[in-house]
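**Student:** For reference, this is structure-v7.cif, and it has mmCIF, C-alpha atoms.
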```
data_start
#
loop_
_atom_site.label_atom_id
_atom_site.label_comp_id
_atom_site.auth_asym_id
_atom_site.auth_seq_id
_atom_site.Cartn_x
_atom_site.Cartn_y
_atom_site.Cartn_z
CA MET A 373 104.02 76.20 72.93
CA ALA A 374 101.28 73.94 71.77
CA GLU A 375 100.38 73.69 68.12
CA GLU A 376 97.85 76.22 67.06
CA LEU A 377 94.65 76.13 65.12
CA MET A 378 94.44 77.85 61.76
CA LEU A 379 91.37 80.05 61.42
CA GLU A 380 90.16 81.51 58.16
CA ILE A 381 87.10 83.71 57.77
CA ALA A 382 86.04 84.46 54.21
CA THR A 383 83.10 86.40 52.81
CA PRO A 384 82.19 86.58 49.11
CA ASP A 385 84.03 89.86 48.63
CA ARG A 386 87.14 89.34 50.72
CA LEU A 387 89.21 87.26 53.09
CA VAL A 388 88.38 88.76 56.47
CA PHE A 389 90.76 86.92 58.73
CA SER A 390 93.49 84.35 58.35
CA ASP A 391 95.83 83.52 61.21
CA LYS A 392 96.64 81.03 63.95
CA VAL A 393 94.45 81.13 67.03
CA GLU A 394 94.06 79.12 70.23
CA MET A 395 90.31 78.61 70.39
CA VAL A 396 87.26 79.52 68.34
CA THR A 397 83.65 79.84 69.49
CA ILE A 398 81.10 79.61 66.71
CA PRO A 399 77.31 80.14 66.68
CA GLY A 400 76.46 76.90 64.87
CA GLY A 401 73.11 75.97 63.41
CA ASP A 402 72.48 73.64 66.39
CA GLY A 403 73.84 75.97 69.02
CA GLU A 404 77.12 77.54 69.95
CA PHE A 405 80.21 75.36 70.04
CA GLY A 406 83.87 75.79 70.70
CA VAL A 407 86.74 74.40 68.66
CA LEU A 408 90.21 73.58 69.88
CA ILE A 409 92.99 71.98 67.90
CA GLY A 410 92.36 68.30 67.22
CA HIS A 411 88.60 68.73 66.93
CA ALA A 412 86.85 66.00 64.96
CA PRO A 413 86.11 66.94 61.32
CA LEU A 414 82.82 68.74 61.20
CA LEU A 415 80.74 70.59 58.72
CA SER A 416 78.13 72.85 60.21
CA THR A 417 75.93 75.76 59.32
CA VAL A 418 76.56 79.07 61.03
CA ASN A 419 73.76 81.22 62.33
CA ILE A 420 73.67 84.97 62.43
CA GLY A 421 75.24 85.97 65.70
CA GLU A 422 78.59 86.60 67.22
CA MET A 423 81.72 84.49 67.25
CA ASN A 424 85.00 84.97 69.00
CA PHE A 425 88.46 83.51 69.15
CA ASN A 426 91.35 83.60 71.56
CA LYS A 427 94.70 84.68 70.33
CA ASP A 428 97.64 85.46 72.61
CA GLY A 429 95.28 85.38 75.57
CA LYS A 430 93.05 88.05 74.08
CA LYS A 431 89.50 87.54 72.92
CA THR A 432 88.40 89.07 69.65
CA TYR A 433 84.73 89.31 68.74
CA TYR A 434 83.15 89.26 65.31
CA ALA A 435 79.58 89.72 64.22
CA VAL A 436 78.85 87.03 61.64
CA GLY A 437 76.16 86.42 59.06
CA LYS A 438 74.82 83.11 57.81
CA GLY A 439 77.22 80.63 56.36
CA TYR A 440 79.15 77.43 56.90
CA VAL A 441 82.08 76.27 58.88
CA GLU A 442 84.35 73.42 58.02
CA VAL A 443 86.45 72.07 60.87
CA THR A 444 89.37 69.73 60.32
CA PHE A 445 92.04 68.72 62.83
CA ARG A 446 94.17 71.79 62.33
CA LYS A 447 92.02 74.19 60.45
CA VAL A 448 88.73 76.04 60.75
CA THR A 449 87.34 77.53 57.55
CA MET A 450 84.35 79.82 57.87
CA LEU A 451 82.44 80.80 54.75
CA LEU A 452 80.06 83.57 55.67
CA SER A 453 77.71 85.93 53.93
CA ALA A 454 79.11 88.73 56.08
CA ALA A 455 81.53 89.31 58.94
CA GLU A 456 82.50 92.42 60.82
CA ARG A 457 85.00 92.83 63.61
CA ALA A 458 83.34 94.12 66.74
CA ASP A 459 85.43 97.27 67.02
CA GLN A 460 84.76 98.13 63.39
CA VAL A 461 80.99 98.00 63.59
CA ASN A 462 79.26 101.20 62.69
CA LYS A 463 76.86 101.38 65.65
CA GLU A 464 74.80 104.19 64.21
CA LYS A 465 74.24 102.28 60.98
CA ALA A 466 73.40 99.05 62.80
CA ARG A 467 70.86 100.80 65.03
CA LYS A 468 69.22 102.45 62.04
CA SER A 469 69.05 99.19 60.13
CA LYS A 470 67.54 97.54 63.20
CA GLU A 471 64.82 100.17 63.51
CA GLU A 472 63.99 100.03 59.84
CA SER A 473 63.73 96.26 59.72
CA GLU A 474 61.64 96.24 62.89
CA GLN A 475 59.14 98.59 61.29
CA GLU A 476 59.19 96.49 58.15
CA LEU A 477 58.54 93.33 60.15
CA ALA A 478 55.60 94.91 61.91
CA ARG A 479 54.06 95.64 58.55
CA ILE A 480 54.28 92.18 57.00
CA THR A 481 53.13 88.80 58.24
CA ARG A 482 55.05 85.63 58.84
CA GLU A 483 53.68 84.10 55.66
CA ASP A 484 55.08 86.89 53.55
CA GLU A 485 57.80 85.97 51.12
CA ALA A 486 60.07 88.76 52.28
CA TYR A 487 59.68 87.86 55.97
CA GLY A 488 62.76 85.67 56.20
CA LYS A 489 64.89 88.22 54.44
CA VAL A 490 63.86 91.11 56.65
CA LYS A 491 64.27 88.96 59.73
CA ASP A 492 67.82 88.19 58.63
CA VAL A 493 68.55 91.89 58.25
CA LEU A 494 67.19 92.49 61.74
CA ASP A 495 69.20 89.62 63.25
CA TRP A 496 72.32 90.84 61.50
CA ALA A 497 71.80 94.36 62.86
CA GLU A 498 71.27 93.02 66.38
CA ALA A 499 74.32 90.79 66.13
CA ARG A 500 76.44 93.74 65.11
CA MET A 501 75.16 95.86 67.98
CA LYS A 502 75.75 93.11 70.47
CA ALA A 503 79.24 92.45 69.20
CA ALA A 504 80.02 96.16 69.24
CA GLU A 505 79.27 96.33 72.94
CA LYS A 506 81.96 93.76 73.64
CA ALA A 507 84.61 95.50 71.61
CA MET B 885 95.57 114.35 -4.34
CA PRO B 886 93.68 115.83 -1.39
CA SER B 887 93.79 119.56 -0.94
CA LEU B 888 95.54 121.24 1.98
CA LYS B 889 92.23 121.99 3.60
CA ASP B 890 91.14 118.34 3.40
CA LEU B 891 94.36 117.21 5.00
CA LYS B 892 94.03 119.72 7.78
CA THR B 893 90.50 118.55 8.61
CA ARG B 894 91.65 114.96 8.52
CA ILE B 895 94.46 115.66 10.99
CA GLU B 896 92.11 117.48 13.33
CA SER B 897 89.63 114.61 13.23
CA VAL B 898 92.27 111.99 13.98
CA LYS B 899 93.56 114.17 16.81
CA SER B 900 90.16 114.29 18.48
CA THR B 901 89.76 110.55 18.04
CA ARG B 902 93.09 110.11 19.79
CA LYS B 903 91.87 112.28 22.64
CA ILE B 904 88.86 110.05 23.08
CA THR B 905 90.77 106.78 22.98
CA LYS B 906 93.36 108.18 25.36
CA ALA B 907 90.64 109.19 27.80
CA MET B 908 88.96 105.77 27.51
CA GLN B 909 92.27 104.10 28.15
CA MET B 910 92.79 106.06 31.32
CA VAL B 911 89.26 105.44 32.54
CA ALA B 912 89.71 101.73 31.86
CA ALA B 913 93.01 101.76 33.75
CA ALA B 914 91.35 103.29 36.80
CA LYS B 915 88.42 100.89 36.62
CA LEU B 916 90.74 97.98 36.05
CA ARG B 917 92.52 98.58 39.31
CA ARG B 918 89.23 98.42 41.20
CA ALA B 919 87.91 95.45 39.27
CA GLN B 920 91.16 93.57 39.69
CA GLU B 921 91.16 94.22 43.41
CA SER B 922 87.65 92.92 43.90
CA ALA B 923 88.36 89.90 41.73
CA GLU B 924 91.45 89.08 43.74
CA GLU B 925 89.78 89.69 47.07
CA ALA B 926 86.95 87.38 46.15
CA ARG B 927 89.23 84.53 45.15
CA PRO B 928 89.90 83.14 48.65
CA TYR B 929 86.19 82.67 49.33
CA ALA B 930 85.59 80.94 46.02
CA GLU B 931 88.63 78.73 46.45
CA ARG B 932 87.71 77.66 49.95
CA PHE B 933 84.11 77.17 49.01
CA ASN B 934 85.19 74.89 46.20
CA ALA B 935 87.47 72.99 48.55
CA VAL B 936 84.60 72.39 50.98
CA MET B 937 82.30 71.34 48.17
CA ALA B 938 84.92 69.04 46.71
CA ASP B 939 85.32 67.36 50.10
CA LEU B 940 81.60 66.94 50.35
CA ALA B 941 81.31 65.63 46.84
CA ALA B 942 84.01 63.09 47.58
CA SER B 943 82.15 61.85 50.63
CA VAL B 944 78.61 61.70 49.29
CA GLY B 945 78.91 62.16 45.53
CA GLY B 946 78.84 58.49 44.68
CA SER B 947 75.67 57.57 46.50
CA ASP B 948 72.24 57.51 44.92
CA THR B 949 70.85 59.81 47.57
CA ALA B 950 73.19 62.63 46.62
CA PRO B 951 71.36 65.78 45.54
CA LYS B 952 70.82 66.32 41.86
CA LEU B 953 73.00 69.42 41.83
CA LEU B 954 75.95 67.23 42.69
CA ARG B 955 75.13 64.04 40.88
CA GLY B 956 73.31 65.40 37.83
CA THR B 957 69.94 64.27 36.55
CA GLY B 958 71.37 61.11 35.11
CA SER B 959 71.12 62.40 31.58
CA ASP B 960 72.96 65.03 29.58
CA GLN B 961 70.43 65.63 26.86
CA VAL B 962 69.62 69.28 27.50
CA HIS B 963 72.42 71.78 28.02
CA LEU B 964 72.12 75.29 29.34
CA LEU B 965 74.89 77.67 28.33
CA VAL B 966 75.22 80.81 30.41
CA VAL B 967 77.16 83.27 28.28
CA MET B 968 78.56 86.13 30.29
CA THR B 969 79.92 89.15 28.45
CA ALA B 970 80.18 92.91 28.88
CA GLU B 971 77.47 95.51 28.48
CA ARG B 972 79.77 97.67 26.40
CA GLY B 973 81.96 97.24 23.37
CA LEU B 974 85.26 98.84 22.38
CA CYS B 975 87.25 96.34 24.38
CA GLY B 976 89.16 94.47 21.71
CA GLY B 977 88.39 90.81 21.30
CA PHE B 978 86.91 90.39 24.78
CA ASN B 979 83.26 89.92 23.86
CA SER B 980 83.82 88.14 20.57
CA ASN B 981 86.23 85.62 22.13
CA ILE B 982 83.67 84.55 24.70
CA ALA B 983 80.94 84.53 22.07
CA LYS B 984 83.07 82.41 19.76
CA LEU B 985 83.80 79.87 22.47
CA ALA B 986 80.12 79.61 23.37
CA ARG B 987 79.04 79.39 19.76
CA ASN B 988 81.46 76.58 18.98
CA HIS B 989 80.37 74.76 22.10
CA ALA B 990 76.73 75.09 21.09
CA HIS B 991 77.40 73.82 17.58
CA ARG B 992 79.37 70.88 18.89
CA LEU B 993 76.58 69.90 21.25
CA GLN B 994 74.02 70.22 18.51
CA ALA B 995 76.11 68.05 16.24
CA GLN B 996 75.93 65.40 18.96
CA GLY B 997 72.17 65.64 18.90
CA LYS B 998 71.79 67.45 22.22
CA THR B 999 69.36 70.22 22.92
CA VAL B 1000 70.97 73.56 23.69
CA LYS B 1001 69.48 76.47 25.59
CA ILE B 1002 71.26 79.76 26.06
CA LEU B 1003 71.00 82.33 28.81
CA THR B 1004 72.90 85.51 28.10
CA VAL B 1005 74.30 87.93 30.62
CA GLY B 1006 75.46 91.21 29.11
CA LYS B 1007 74.19 92.85 25.96
CA LYS B 1008 77.27 92.48 23.79
CA GLY B 1009 77.43 88.71 23.90
CA ARG B 1010 73.75 88.51 23.14
CA ASP B 1011 74.19 90.65 20.03
CA ALA B 1012 77.23 88.68 18.95
CA ILE B 1013 75.57 85.26 18.89
CA LYS B 1014 72.02 86.33 18.12
CA ARG B 1015 72.24 85.76 14.39
CA ASP B 1016 73.77 82.32 14.70
CA VAL B 1017 72.01 80.73 17.63
CA GLY B 1018 69.40 83.36 18.56
CA ASP B 1019 66.59 80.80 18.38
CA LEU B 1020 68.13 78.98 21.36
CA PHE B 1021 67.86 81.94 23.73
CA VAL B 1022 65.80 81.26 26.82
CA GLY B 1023 66.57 84.41 28.76
CA HIS B 1024 68.72 87.44 29.28
CA VAL B 1025 70.12 89.16 32.34
CA ASP B 1026 70.70 92.87 32.05
CA LEU B 1027 73.47 94.26 34.22
CA SER B 1028 73.81 97.62 32.48
CA GLU B 1029 72.36 99.44 35.49
CA VAL B 1030 74.81 97.82 37.89
CA LYS B 1031 77.64 100.11 38.89
CA ARG B 1032 79.50 97.84 41.21
CA LEU B 1033 78.97 94.10 41.09
CA SER B 1034 77.73 92.59 44.29
CA TYR B 1035 77.04 89.08 45.46
CA ALA B 1036 73.34 89.82 45.20
CA ASP B 1037 73.65 90.20 41.41
CA ALA B 1038 75.17 86.74 41.20
CA GLN B 1039 72.48 85.36 43.46
CA GLY B 1040 69.86 86.75 41.10
CA ILE B 1041 71.36 84.91 38.15
CA ALA B 1042 71.87 81.75 40.22
CA LYS B 1043 68.25 81.82 41.29
CA GLN B 1044 67.10 82.00 37.70
CA VAL B 1045 69.35 79.07 36.77
CA LEU B 1046 68.32 77.00 39.77
CA THR B 1047 64.61 77.59 39.30
CA SER B 1048 64.73 76.29 35.77
CA PHE B 1049 66.93 73.39 36.87
CA ASP B 1050 64.35 72.44 39.51
CA ALA B 1051 61.68 72.67 36.85
CA GLY B 1052 63.67 70.11 34.83
CA ASP B 1053 64.42 72.48 31.97
CA PHE B 1054 67.99 71.27 31.52
CA ASP B 1055 70.47 68.63 32.70
CA VAL B 1056 73.86 70.34 32.44
CA ALA B 1057 74.75 73.99 32.92
CA THR B 1058 77.97 75.58 31.74
CA ILE B 1059 79.09 79.16 32.24
CA PHE B 1060 81.21 81.05 29.72
CA TYR B 1061 83.36 83.91 30.88
CA SER B 1062 86.85 85.32 30.57
CA LYS B 1063 89.41 84.53 33.19
CA PHE B 1064 91.64 87.42 34.13
CA VAL B 1065 95.32 86.51 34.03
CA ASN B 1066 96.86 89.94 33.55
CA VAL B 1067 96.24 93.13 31.62
CA VAL B 1068 97.20 91.66 28.26
CA THR B 1069 96.00 88.10 28.77
CA GLN B 1070 92.40 87.10 29.35
CA VAL B 1071 91.41 83.51 28.76
CA PRO B 1072 87.88 82.72 27.58
CA THR B 1073 86.78 79.84 29.78
CA ALA B 1074 83.95 77.33 29.93
CA GLN B 1075 83.11 75.95 33.35
CA GLN B 1076 80.47 73.38 34.15
CA ILE B 1077 78.50 74.35 37.26
CA ILE B 1078 75.65 71.85 37.26
CA PRO B 1079 76.33 69.10 38.11
CA ALA B 1080 79.22 70.56 40.05
CA GLN B 1081 82.70 69.65 38.93
CA PHE B 1082 85.89 70.18 40.85
CA ASP B 1083 89.51 70.06 39.93
CA ARG B 1084 90.87 68.11 42.82
CA GLY B 1085 94.37 68.82 43.96
CA GLU B 1086 96.55 66.20 45.57
CA GLU B 1087 95.10 67.08 48.95
CA GLU B 1088 94.18 64.30 51.27
CA THR B 1089 90.87 62.71 50.41
CA ALA B 1090 90.95 60.00 53.00
CA ALA B 1091 90.11 62.12 56.02
CA THR B 1092 87.20 63.80 54.35
CA ALA B 1093 84.81 60.89 54.48
CA LEU B 1094 84.63 61.17 58.25
CA TYR B 1095 82.75 64.43 58.59
CA ASP B 1096 80.26 65.06 61.29
CA TYR B 1097 77.37 67.11 60.05
CA GLU B 1098 75.45 69.62 62.03
CA PRO B 1099 72.46 69.80 61.74
CA SER B 1100 72.38 67.03 59.10
CA GLU B 1101 74.14 66.14 55.91
CA GLU B 1102 71.04 66.66 53.78
CA ALA B 1103 70.20 69.99 55.34
CA ILE B 1104 73.68 71.31 54.76
CA LEU B 1105 73.92 70.02 51.23
CA ALA B 1106 70.53 71.42 50.34
CA GLU B 1107 71.77 74.89 51.26
CA LEU B 1108 75.38 74.64 50.30
CA LEU B 1109 75.00 73.49 46.72
CA PRO B 1110 72.78 76.33 45.47
CA LYS B 1111 75.19 78.69 47.16
CA GLY B 1112 78.02 77.04 45.29
CA VAL B 1113 76.30 77.90 42.03
CA ALA B 1114 75.97 81.52 43.11
CA THR B 1115 79.59 81.62 44.20
CA ALA B 1116 80.80 80.23 40.89
CA ILE B 1117 78.74 82.81 39.02
CA PHE B 1118 79.92 85.61 41.28
CA SER B 1119 83.58 84.86 40.77
CA ALA B 1120 82.99 84.50 37.03
CA LEU B 1121 81.34 87.93 36.99
CA LEU B 1122 84.24 89.49 38.84
CA GLU B 1123 86.84 87.84 36.61
CA ASN B 1124 84.85 89.05 33.64
CA GLY B 1125 84.76 92.57 35.01
CA ALA B 1126 88.52 92.71 35.42
CA SER B 1127 89.08 91.07 32.02
CA GLU B 1128 86.80 93.56 30.31
CA GLN B 1129 88.66 96.56 31.66
CA GLY B 1130 92.02 94.96 30.91
CA ALA B 1131 91.00 94.19 27.33
CA ARG B 1132 89.60 97.68 26.88
CA MET B 1133 92.75 99.23 28.24
CA SER B 1134 95.05 97.42 25.82
CA ALA B 1135 92.64 97.96 22.91
CA MET B 1136 92.51 101.68 23.62
CA ASP B 1137 96.26 101.82 24.08
CA ASN B 1138 96.66 100.35 20.60
CA ALA B 1139 94.11 102.73 19.17
CA THR B 1140 95.89 105.72 20.71
CA ARG B 1141 99.19 104.58 19.25
CA ASN B 1142 97.70 104.01 15.82
CA ALA B 1143 96.13 107.44 15.89
CA GLY B 1144 99.53 108.93 16.72
CA GLU B 1145 101.12 107.17 13.74
CA MET B 1146 98.32 108.30 11.50
CA ILE B 1147 98.78 111.92 12.61
CA ASP B 1148 102.51 111.76 11.90
CA LYS B 1149 101.90 110.40 8.41
CA LEU B 1150 99.23 112.93 7.61
CA THR B 1151 101.38 115.79 8.90
CA ILE B 1152 104.22 114.79 6.60
CA GLU B 1153 101.85 114.62 3.68
CA TYR B 1154 100.42 117.99 4.63
CA ASN B 1155 103.86 119.61 4.77
CA ARG B 1156 104.81 118.09 1.46
CA SER B 1157 101.74 119.44 -0.30
CA ARG B 1158 102.29 122.82 1.31
CA GLN B 1159 105.86 122.86 0.02
CA ALA B 1160 104.66 121.83 -3.43
CA VAL B 1161 102.21 124.72 -3.53
CA ILE B 1162 104.94 127.19 -2.52
CA THR B 1163 107.35 125.83 -5.13
CA ASN B 1164 104.69 126.10 -7.77
CA GLU B 1165 104.01 129.70 -6.90
CA LEU B 1166 107.71 130.54 -6.98
CA ILE B 1167 108.11 128.98 -10.42
CA GLU B 1168 105.18 130.98 -11.67
CA ILE B 1169 106.65 134.26 -10.33
CA ILE B 1170 110.14 133.53 -11.67
CA SER B 1171 108.95 132.53 -15.11
CA GLY B 1172 106.72 135.61 -15.13
CA ALA B 1173 109.70 137.81 -14.31
CA GLU B 1174 111.83 136.11 -16.96
CA ALA B 1175 109.20 136.71 -19.63
CA LEU B 1176 109.41 140.45 -19.20
#
```
As structure tokens - that is how I would like this structure written.

**Tutor:**
Amino acid sequence: MAEELMLEIATPDRLVFSDKVEMVTIPGGDGEFGVLIGHAPLLSTVNIGEMNFNKDGKKTYYAVGKGYVEVTFRKVTMLLSAAERADQVNKEKARKSKEESEQELARITREDEAYGKVKDVLDWAEARMKAAEKA
Amino acid sequence: MPSLKDLKTRIESVKSTRKITKAMQMVAAAKLRRAQESAEEARPYAERFNAVMADLAASVGGSDTAPKLLRGTGSDQVHLLVVMTAERGLCGGFNSNIAKLARNHAHRLQAQGKTVKILTVGKKGRDAIKRDVGDLFVGHVDLSEVKRLSYADAQGIAKQVLTSFDAGDFDVATIFYSKFVNVVTQVPTAQQIIPAQFDRGEEETAATALYDYEPSEEAILAELLPKGVATAIFSALLENGASEQGARMSAMDNATRNAGEMIDKLTIEYNRSRQAVITNELIEIISGAEAL
């Protein structure tokens, strides 16, 4: 068996995931990228979206919030504002949050100070819904 | 010599005090468990964040283009002290220990001719150092309405700190809080957050200089460093929360025990006086009977 990649996902309030995996796909700031063991050291931003990793031939999906990822040869460390496993997403809550932020967005303009924040909430809700479908 | 009635009232009053301290101890114990859990769950994020920042600092820290948050402003004339304490008292030496540490630090800096500014978080610390260094206060953060600490609270404080840093109000920022070791030990700690400082382990430093950055080094640093400040403050808040409950629990445990001792002592005294009164009465009756 080939050596495996260590993946750690941490959010401010807890360590979400920490185990060996085979491959990780991450929604980076400059587009999605995959990481296998032996990847060149990289520091990247993470966009709101969905990530997944292969472990024992099975794919697991996570909805992720903004953050950073540090890749070294053997280890991937993700520091995120939020992360939720796809099969643990509360769909009802995500849908509600999506509707609310959509209404909010319709009310304010792009120049508004709160625009970015509300947009993030909307993206996060959409990411969760999308991830939930793949669970 | 107090009368029987006085003693009885005294005993009752101490008993109700013991009830209160006992209840506070149990509440603190329940809260402690939760606070300790959240402090421990948050540690991995803070640790890893620090590791990433330390790597970054090692690779870009020396250069002149490094951001100010990492490199400092090049001077250390104006210091900002962020003093984080509890909103409530009755927790032993918790608040006063932090206040003492901060006060000494402030005096030392002043003795060196530096300018000191103080931002307080939590009412008790503010009250404790107001008389001494109250004229140095530049702001106060009130967390008394917060039931459960969240990252957003820390971000609020961080934003306040960063805005004034950007405005050039200070050169060095230090946070004061109490590190939670266990229920009986909490260590008042001072930690410098701007410019960022890291305790480097013996981990490999050589490989870290070779990072690829995506999108770009500057873009990442510009976002990462302010977040590091928020993360440091968040973990300090959580440690503080756990420390506060731990300190309160042991303080209330002591108080309950002392009240128990006091009750025992007073009860003995009460019984003695009661016996004395009875003996007196008996003597009076007997001598009365003898006189007949």

**Student:** Could you list, as a ChimeraX atom specification, every residue matched by the PyMOL selection byres ((chain A) within 10 of (chain B)) in this structure?

**Tutor:** /A:380-388,400-403,412-418,439-445,449-453

**Student:** Evaluate the PyMOL selection byres ((chain B and resi 965) around 6) against this structure - the residues, as a list in words, please.

**Tutor:**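 Evaluating the PyMOL selection byres ((chain B and resi 965) around 6) on this file yields Leu964, Val966, Ile1002, Ala1057, Thr1058 and Ile1059 of chain B.
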
**Student:** Can you turn the PyMOL selection byres ((chain B and resi 1134) around 9) into a concrete residue list for this file, as a list in words?

**Tutor:**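 Checking the PyMOL selection byres ((chain B and resi 1134) around 9) against this file, the residues are Gln909, Cys975, Gly976, Val1067, Val1068, Gln1129, Gly1130, Ala1131, Arg1132, Met1133, Ala1135, Met1136, Asp1137, Asn1138 and Ala1139 of chain B.
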
**Student:** Output as lines of an AutoDock Vina configuration file the centre and edge lengths (Å, one decimal) of the box along x, y and z of the file that holds every listed atom of segment 1109-1127 of chain B after adding 3 Å on each side.

**Tutor:**
```
center_x = 80.9
center_y = 83.1
center_z = 39.6
size_x = 22.3
size_y = 25.2
size_z = 21.1
```

**Student:** Residues at most 7 Å from segment 469-477 of chain A, counting only C-alpha atoms, excluding those fewer than 3 positions away in the same chain, as a PyMOL selection string?

**Tutor:** chain A and resi 465-466+480+487+490+493-494+497-498

**Student:** Counting only C-alpha atoms, find the residues whose atoms lie at most 8 Å from (78.1, 85.4, 65.5) (file coordinates) and write them out as a list in words.

**Tutor:**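 Residues lying no farther than 8 Å from the given point: Ile398, Pro399, Val418, Asn419, Ile420, Gly421, Glu422, Met423, Asn424, Tyr434, Ala435, Val436, Gly437 and Ala499 of chain A.
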
**Student:** Dump C-alpha atoms for the selected residues as a short mmCIF file (atom, residue, chain, number, x, y, z; two decimals), keeping the file's coordinate frame?

**Tutor:**
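In the end it all went to selection23.cif:
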```cif
data_model
loop_
_atom_site.label_atom_id
_atom_site.label_comp_id
_atom_site.auth_asym_id
_atom_site.auth_seq_id
_atom_site.Cartn_x
_atom_site.Cartn_y
_atom_site.Cartn_z
CA ILE A 398 81.10 79.61 66.71
CA PRO A 399 77.31 80.14 66.68
CA VAL A 418 76.56 79.07 61.03
CA ASN A 419 73.76 81.22 62.33
CA ILE A 420 73.67 84.97 62.43
CA GLY A 421 75.24 85.97 65.70
CA GLU A 422 78.59 86.60 67.22
CA MET A 423 81.72 84.49 67.25
CA ASN A 424 85.00 84.97 69.00
CA TYR A 434 83.15 89.26 65.31
CA ALA A 435 79.58 89.72 64.22
CA VAL A 436 78.85 87.03 61.64
CA GLY A 437 76.16 86.42 59.06
CA ALA A 499 74.32 90.79 66.13
#
```

**Student:** Counting all atoms listed in the file, which of B:Thr957, B:Ile1041, B:Gly973, B:Thr999 gets nearest to Met908 of chain B?

**Tutor:** B:Gly973

**Student:** Between A:Lys468, A:Arg457, A:Lys489, A:Arg482, which residue has the minimum interatomic distance to Phe425 of chain A, considering all atoms listed in the file?

**Tutor:** A:Arg457

**Student:** Please compute the atom CA of Gly1052 of chain B-atom CA of Gln1039 of chain B distance, one decimal, in Å.

**Tutor:**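 Separation between atom CA of Gly1052 of chain B and atom CA of Gln1039 of chain B: 19.6 Å.
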
**Student:** In Å, how far is it from atom CA of Ala912 of chain B to atom CA of Leu1033 of chain B?

**Tutor:** 16.1 Å

**Student:** Atom CA of Asn1124 of chain B to atom CA of Leu1027 of chain B: how many Å, to one decimal?

**Tutor:**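 Atom-to-atom, atom CA of Asn1124 of chain B to atom CA of Leu1027 of chain B, that is 12.5 Å.
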